[in-house]
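To start, the structure under review is shown below, and the notes come after it.
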Amino acid sequence: MIGPRSRLAGTARRAVGELRRRAAEVASPWVQDACLAGALMGALSALMHGPLMDRTPVILPVHLALIAPLAWRRKAPLLVFGVVAAAAFGQWLANVRTPADGALLLALYTVAVCCDRARTMAAFGVLEVGILLAAVRWSIHERAVATVISLSAMAIAAAVIGSNIRGRRERMTFLEDRAVRLERERDQQSQLAVAGERARIAREMHDVVTHNLSVMVALADGAVFAQETSPQRATAAMRQVGVTGRQAITDMRRFLGVLRADEPDALRHPMPGIDQLGALAEQVRAAGLPTRLEVTGEPAAVGGAAQLTVFRLVQEALTNTLKHAPAGTRAEVAVSCRADAVSVSVTDDGAGAVTAAPSGAGGHGLHGMGERAAAYGGRLTAGPRPGGGWRVAAELDLTTAEVP
């Protein structure tokens, strides 16, 4: 239920909003210029009996012709200047003196603020001609030059001040546009970063889940096949299923540790590298794929991110062999570590692996492997061997920047 205080607060908010709306209407440029024109007319009315103003019947129409157009000076600056200049020329023809001629300076200032330099110079030229005509008619001969100089100085000041304000506004507009462009580019870069991170997560998830599930399926099938003839082998296979499942959970937690700062396993289980290839080979052997591993060079000299890439390449290649190659297939893994590059080669002798290439090529595995190799300036090659079987090879350039 709404209480009296809530209703009072709502009423106050509406009143404040209405005041702001009316203040914005009152503060509009047209209203400001109209008020300025009215104030000038009031000031001239107070000076009707001054020494600088001729008291003639046409003085009021002259004032209106000079001052009234200023109410639209920011809507149509050139037109207003032309009208005021025409009124001033009519005043000169009528030989009427009035301080309302200062409206020409305000009109010139508005042109300089709102228009380009060419139009400003044209308006200044028109005003300068008017200054010369006024000096010829209304100045004492010996003071005509001083009058022209002083009035020209005021005209120059009005034009320069207006031009400076226009330049400042243009710079502010440029800076605002630049800020908007930079913000838009930042948003685009953020979107690209998010897309890249999603692709990286997809690769990691694919490598972790697909490999471990493939090993577990192979072990489970072997356990079912051997449970009647060799219960001990079936039991060992099922135990290996449990080991592989726990390893999959550890890998997932390790991967989540990259994404979550509060994941405790992130520090206990570093990301896999070349040293873990032996355990990977043992896991694949237990799943029924005899695998020979050979690592040459100094793995310790290879960066952590590059070692993770090598591990994932070997893992995915062995997973594809385990899924597609026929029974009796043997695999060989060769990793060569050098100071400037790492070479990876995974081969098998399965005659049936060639027929599985189309399905594997269209999946996420080979595509993700190619992206991993490309991140280090390398190129992945995958295809059938001349003597039968399948070969996956890649070379990573360690001279490129370390990929996070």
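Please note that chains go A, B, ... in the order of the structure tokens, that every chain numbers its residues from 1, and that ligands are numbered from 1 in the order shown.
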
Selection near segment 388-392 of chain A, 6 Å with only C-alpha atoms, sequence-local residues under 2 positions removed, as a compact mmCIF listing (two decimals) with all heavy atoms, in the first residue's frame:
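Writing done, so here's selection_20.txt:
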```
# COMPACT_ATOMS: atom_id res chain seq x y z
N SER A 345 54.60 -35.16 -34.71
CA SER A 345 54.17 -36.11 -35.73
C SER A 345 53.47 -37.28 -35.04
O SER A 345 54.03 -37.87 -34.10
CB SER A 345 55.36 -36.61 -36.56
OG SER A 345 54.95 -37.63 -37.46
N VAL A 346 52.26 -37.59 -35.50
CA VAL A 346 51.50 -38.73 -34.99
C VAL A 346 51.09 -39.58 -36.19
O VAL A 346 50.37 -39.08 -37.08
CB VAL A 346 50.25 -38.28 -34.19
CG1 VAL A 346 49.49 -39.49 -33.66
CG2 VAL A 346 50.66 -37.35 -33.06
N THR A 347 51.56 -40.82 -36.23
CA THR A 347 51.27 -41.70 -37.35
C THR A 347 50.68 -43.00 -36.83
O THR A 347 50.86 -43.37 -35.66
CB THR A 347 52.54 -42.00 -38.15
OG1 THR A 347 53.50 -42.63 -37.28
CG2 THR A 347 53.14 -40.73 -38.73
N ASP A 348 49.93 -43.68 -37.70
CA ASP A 348 49.43 -45.01 -37.38
C ASP A 348 49.48 -45.86 -38.65
O ASP A 348 49.61 -45.33 -39.76
CB ASP A 348 48.01 -44.94 -36.81
CG ASP A 348 47.00 -44.40 -37.81
OD1 ASP A 348 46.68 -45.12 -38.78
OD2 ASP A 348 46.52 -43.26 -37.63
N ASP A 349 49.38 -47.17 -38.48
CA ASP A 349 49.46 -48.09 -39.61
C ASP A 349 48.12 -48.74 -39.90
O ASP A 349 48.07 -49.80 -40.53
CB ASP A 349 50.51 -49.18 -39.35
CG ASP A 349 50.23 -49.95 -38.06
OD1 ASP A 349 49.19 -49.65 -37.39
OD2 ASP A 349 51.03 -50.82 -37.71
N GLY A 350 47.04 -48.14 -39.43
CA GLY A 350 45.72 -48.72 -39.66
C GLY A 350 45.25 -48.50 -41.08
O GLY A 350 45.11 -47.36 -41.55
N ALA A 351 45.00 -49.63 -41.80
CA ALA A 351 44.57 -49.51 -43.20
C ALA A 351 43.19 -48.90 -43.30
O ALA A 351 42.84 -48.27 -44.29
CB ALA A 351 44.59 -50.89 -43.86
N ALA A 353 42.02 -46.51 -41.44
CA ALA A 353 41.94 -45.11 -40.98
C ALA A 353 41.72 -44.15 -42.11
O ALA A 353 41.16 -43.07 -41.93
CB ALA A 353 43.23 -44.74 -40.24
N THR A 381 49.26 -30.54 -41.14
CA THR A 381 49.02 -31.41 -42.29
C THR A 381 48.47 -32.73 -41.78
O THR A 381 49.00 -33.31 -40.82
CB THR A 381 50.31 -31.65 -43.08
OG1 THR A 381 51.30 -32.24 -42.22
CG2 THR A 381 50.85 -30.34 -43.65
N ALA A 382 47.43 -33.21 -42.42
CA ALA A 382 46.80 -34.47 -42.02
C ALA A 382 46.36 -35.19 -43.28
O ALA A 382 45.69 -34.59 -44.15
CB ALA A 382 45.62 -34.22 -41.09
N GLY A 383 46.74 -36.47 -43.41
CA GLY A 383 46.36 -37.21 -44.60
C GLY A 383 46.88 -38.63 -44.56
O GLY A 383 47.63 -39.03 -43.65
N PRO A 384 46.51 -39.42 -45.54
CA PRO A 384 46.94 -40.83 -45.58
C PRO A 384 48.42 -40.95 -45.89
O PRO A 384 49.00 -40.14 -46.61
CB PRO A 384 46.06 -41.42 -46.68
CG PRO A 384 45.71 -40.27 -47.56
CD PRO A 384 45.61 -39.07 -46.65
N ARG A 385 49.01 -42.01 -45.36
CA ARG A 385 50.42 -42.31 -45.64
C ARG A 385 50.51 -43.15 -46.90
O ARG A 385 49.58 -43.90 -47.24
CB ARG A 385 51.02 -43.06 -44.46
CG ARG A 385 51.01 -42.28 -43.17
CD ARG A 385 51.41 -43.17 -42.00
NE ARG A 385 52.77 -43.68 -42.17
CZ ARG A 385 53.28 -44.64 -41.43
NH1 ARG A 385 52.54 -45.23 -40.50
NH2 ARG A 385 54.53 -45.04 -41.62
N PRO A 386 51.64 -43.05 -47.62
CA PRO A 386 51.78 -43.83 -48.86
C PRO A 386 51.67 -45.34 -48.62
O PRO A 386 51.07 -46.07 -49.41
CB PRO A 386 53.16 -43.43 -49.37
CG PRO A 386 53.43 -42.10 -48.76
CD PRO A 386 52.76 -42.12 -47.43
```

Mind pulling up the distance from atom CA of Thr329 of chain A to atom CA of Gln227 of chain A?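 Pair atom CA of Gln227 of chain A / atom CA of Thr329 of chain A returns 22.7 Å.
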
Please identify all polymer residues within 9 Å of segment 236-238 of chain A, counting only C-alpha atoms, omitting same-chain residues fewer than 3 positions from it, and present them as JSON, numbers by chain. {"A": [216, 219, 220, 222, 223, 231, 232, 233, 241, 242, 243, 286, 287]}

Write out as a PyMOL selection string each polymer residue whose atoms come within 10 Å of segment 109-117 of chain A, counting only C-alpha atoms; drop sequence neighbours fewer than 3 positions from it. chain A and resi 70+73-81+103-106+120-124+155-169

Preceding selection exported with N, CA, C and O atoms as a compact mmCIF listing (two decimals), in the first residue's frame:
```txt
# COMPACT_ATOMS: atom_id res chain seq x y z
N LEU A 70 17.29 40.13 -34.76
CA LEU A 70 18.23 39.39 -33.91
C LEU A 70 17.58 38.22 -33.19
O LEU A 70 18.28 37.31 -32.71
N ARG A 73 18.67 35.18 -35.03
CA ARG A 73 20.05 35.25 -35.49
C ARG A 73 20.72 33.86 -35.54
O ARG A 73 21.55 33.60 -36.41
N ARG A 74 20.36 32.95 -34.63
CA ARG A 74 20.98 31.63 -34.66
C ARG A 74 20.25 30.64 -35.57
O ARG A 74 20.80 29.60 -35.92
N LYS A 75 19.03 30.95 -35.93
CA LYS A 75 18.31 30.10 -36.88
C LYS A 75 18.74 30.37 -38.31
O LYS A 75 18.86 29.44 -39.12
N ALA A 76 18.95 31.65 -38.65
CA ALA A 76 19.35 32.02 -40.01
C ALA A 76 20.35 33.16 -39.91
O ALA A 76 20.00 34.33 -40.15
N PRO A 77 21.59 32.90 -39.55
CA PRO A 77 22.55 33.99 -39.29
C PRO A 77 22.83 34.86 -40.50
O PRO A 77 22.89 36.09 -40.38
N LEU A 78 23.01 34.25 -41.68
CA LEU A 78 23.29 35.07 -42.87
C LEU A 78 22.11 35.94 -43.25
O LEU A 78 22.26 37.12 -43.61
N LEU A 79 20.91 35.36 -43.21
CA LEU A 79 19.72 36.13 -43.55
C LEU A 79 19.52 37.29 -42.57
O LEU A 79 19.20 38.43 -42.99
N VAL A 80 19.71 37.02 -41.30
CA VAL A 80 19.56 38.07 -40.29
C VAL A 80 20.59 39.17 -40.52
O VAL A 80 20.27 40.38 -40.45
N PHE A 81 21.84 38.79 -40.81
CA PHE A 81 22.85 39.81 -41.08
C PHE A 81 22.48 40.64 -42.30
O PHE A 81 22.65 41.88 -42.30
N ALA A 103 23.83 46.43 -33.52
CA ALA A 103 23.25 45.15 -33.92
C ALA A 103 24.04 44.50 -35.05
O ALA A 103 24.05 43.28 -35.20
N LEU A 104 24.72 45.36 -35.87
CA LEU A 104 25.55 44.80 -36.95
C LEU A 104 26.72 43.98 -36.38
O LEU A 104 27.08 42.94 -36.93
N LEU A 105 27.31 44.46 -35.27
CA LEU A 105 28.40 43.70 -34.65
C LEU A 105 27.90 42.36 -34.11
O LEU A 105 28.56 41.33 -34.27
N LEU A 106 26.73 42.36 -33.47
CA LEU A 106 26.17 41.11 -32.95
C LEU A 106 25.82 40.16 -34.09
O LEU A 106 26.06 38.94 -34.00
N THR A 120 32.02 34.44 -43.32
CA THR A 120 32.39 35.42 -42.31
C THR A 120 33.14 36.60 -42.94
O THR A 120 32.87 37.77 -42.61
N MET A 121 34.07 36.31 -43.84
CA MET A 121 34.82 37.38 -44.50
C MET A 121 33.90 38.23 -45.38
O MET A 121 34.07 39.45 -45.46
N ALA A 122 32.94 37.59 -46.04
CA ALA A 122 32.00 38.36 -46.86
C ALA A 122 31.17 39.30 -46.00
O ALA A 122 30.97 40.49 -46.34
N ALA A 123 30.67 38.79 -44.85
CA ALA A 123 29.90 39.65 -43.95
C ALA A 123 30.76 40.77 -43.39
O ALA A 123 30.31 41.93 -43.27
N PHE A 124 32.01 40.46 -43.06
CA PHE A 124 32.90 41.50 -42.56
C PHE A 124 33.15 42.58 -43.63
O PHE A 124 33.21 43.77 -43.31
N ALA A 155 34.68 45.58 -35.31
CA ALA A 155 34.21 44.56 -36.25
C ALA A 155 35.16 43.37 -36.30
O ALA A 155 34.73 42.20 -36.32
N ILE A 156 36.48 43.69 -36.32
CA ILE A 156 37.46 42.59 -36.32
C ILE A 156 37.34 41.76 -35.04
O ILE A 156 37.40 40.53 -35.07
N ALA A 157 37.17 42.43 -33.91
CA ALA A 157 37.04 41.71 -32.64
C ALA A 157 35.82 40.80 -32.65
O ALA A 157 35.88 39.65 -32.20
N ALA A 158 34.70 41.30 -33.17
CA ALA A 158 33.49 40.47 -33.23
C ALA A 158 33.71 39.25 -34.12
O ALA A 158 33.31 38.13 -33.77
N ALA A 159 34.36 39.44 -35.27
CA ALA A 159 34.60 38.33 -36.18
C ALA A 159 35.59 37.32 -35.58
O ALA A 159 35.39 36.10 -35.67
N VAL A 160 36.65 37.83 -34.94
CA VAL A 160 37.67 36.93 -34.38
C VAL A 160 37.10 36.13 -33.21
O VAL A 160 37.31 34.91 -33.10
N ILE A 161 36.36 36.80 -32.33
CA ILE A 161 35.77 36.08 -31.19
C ILE A 161 34.81 35.01 -31.68
O ILE A 161 34.81 33.87 -31.19
N GLY A 162 33.97 35.37 -32.65
CA GLY A 162 33.03 34.38 -33.19
C GLY A 162 33.74 33.21 -33.85
O GLY A 162 33.35 32.04 -33.67
N SER A 163 34.80 33.50 -34.61
CA SER A 163 35.55 32.42 -35.26
C SER A 163 36.22 31.51 -34.24
O SER A 163 36.25 30.28 -34.40
N ASN A 164 36.76 32.09 -33.16
CA ASN A 164 37.37 31.27 -32.12
C ASN A 164 36.35 30.36 -31.45
O ASN A 164 36.64 29.18 -31.17
N ILE A 165 35.19 30.89 -31.20
CA ILE A 165 34.14 30.06 -30.58
C ILE A 165 33.72 28.95 -31.53
O ILE A 165 33.51 27.80 -31.12
N ARG A 166 33.61 29.29 -32.83
CA ARG A 166 33.26 28.24 -33.79
C ARG A 166 34.34 27.15 -33.84
O ARG A 166 34.03 25.96 -33.84
N GLY A 167 35.62 27.56 -33.84
CA GLY A 167 36.69 26.58 -33.82
C GLY A 167 36.67 25.71 -32.58
O GLY A 167 36.89 24.50 -32.65
N ARG A 168 36.38 26.32 -31.43
CA ARG A 168 36.31 25.54 -30.20
C ARG A 168 35.17 24.54 -30.25
O ARG A 168 35.32 23.39 -29.83
N ARG A 169 34.04 24.96 -30.76
CA ARG A 169 32.91 24.04 -30.88
C ARG A 169 33.22 22.91 -31.85
O ARG A 169 32.84 21.76 -31.61
```
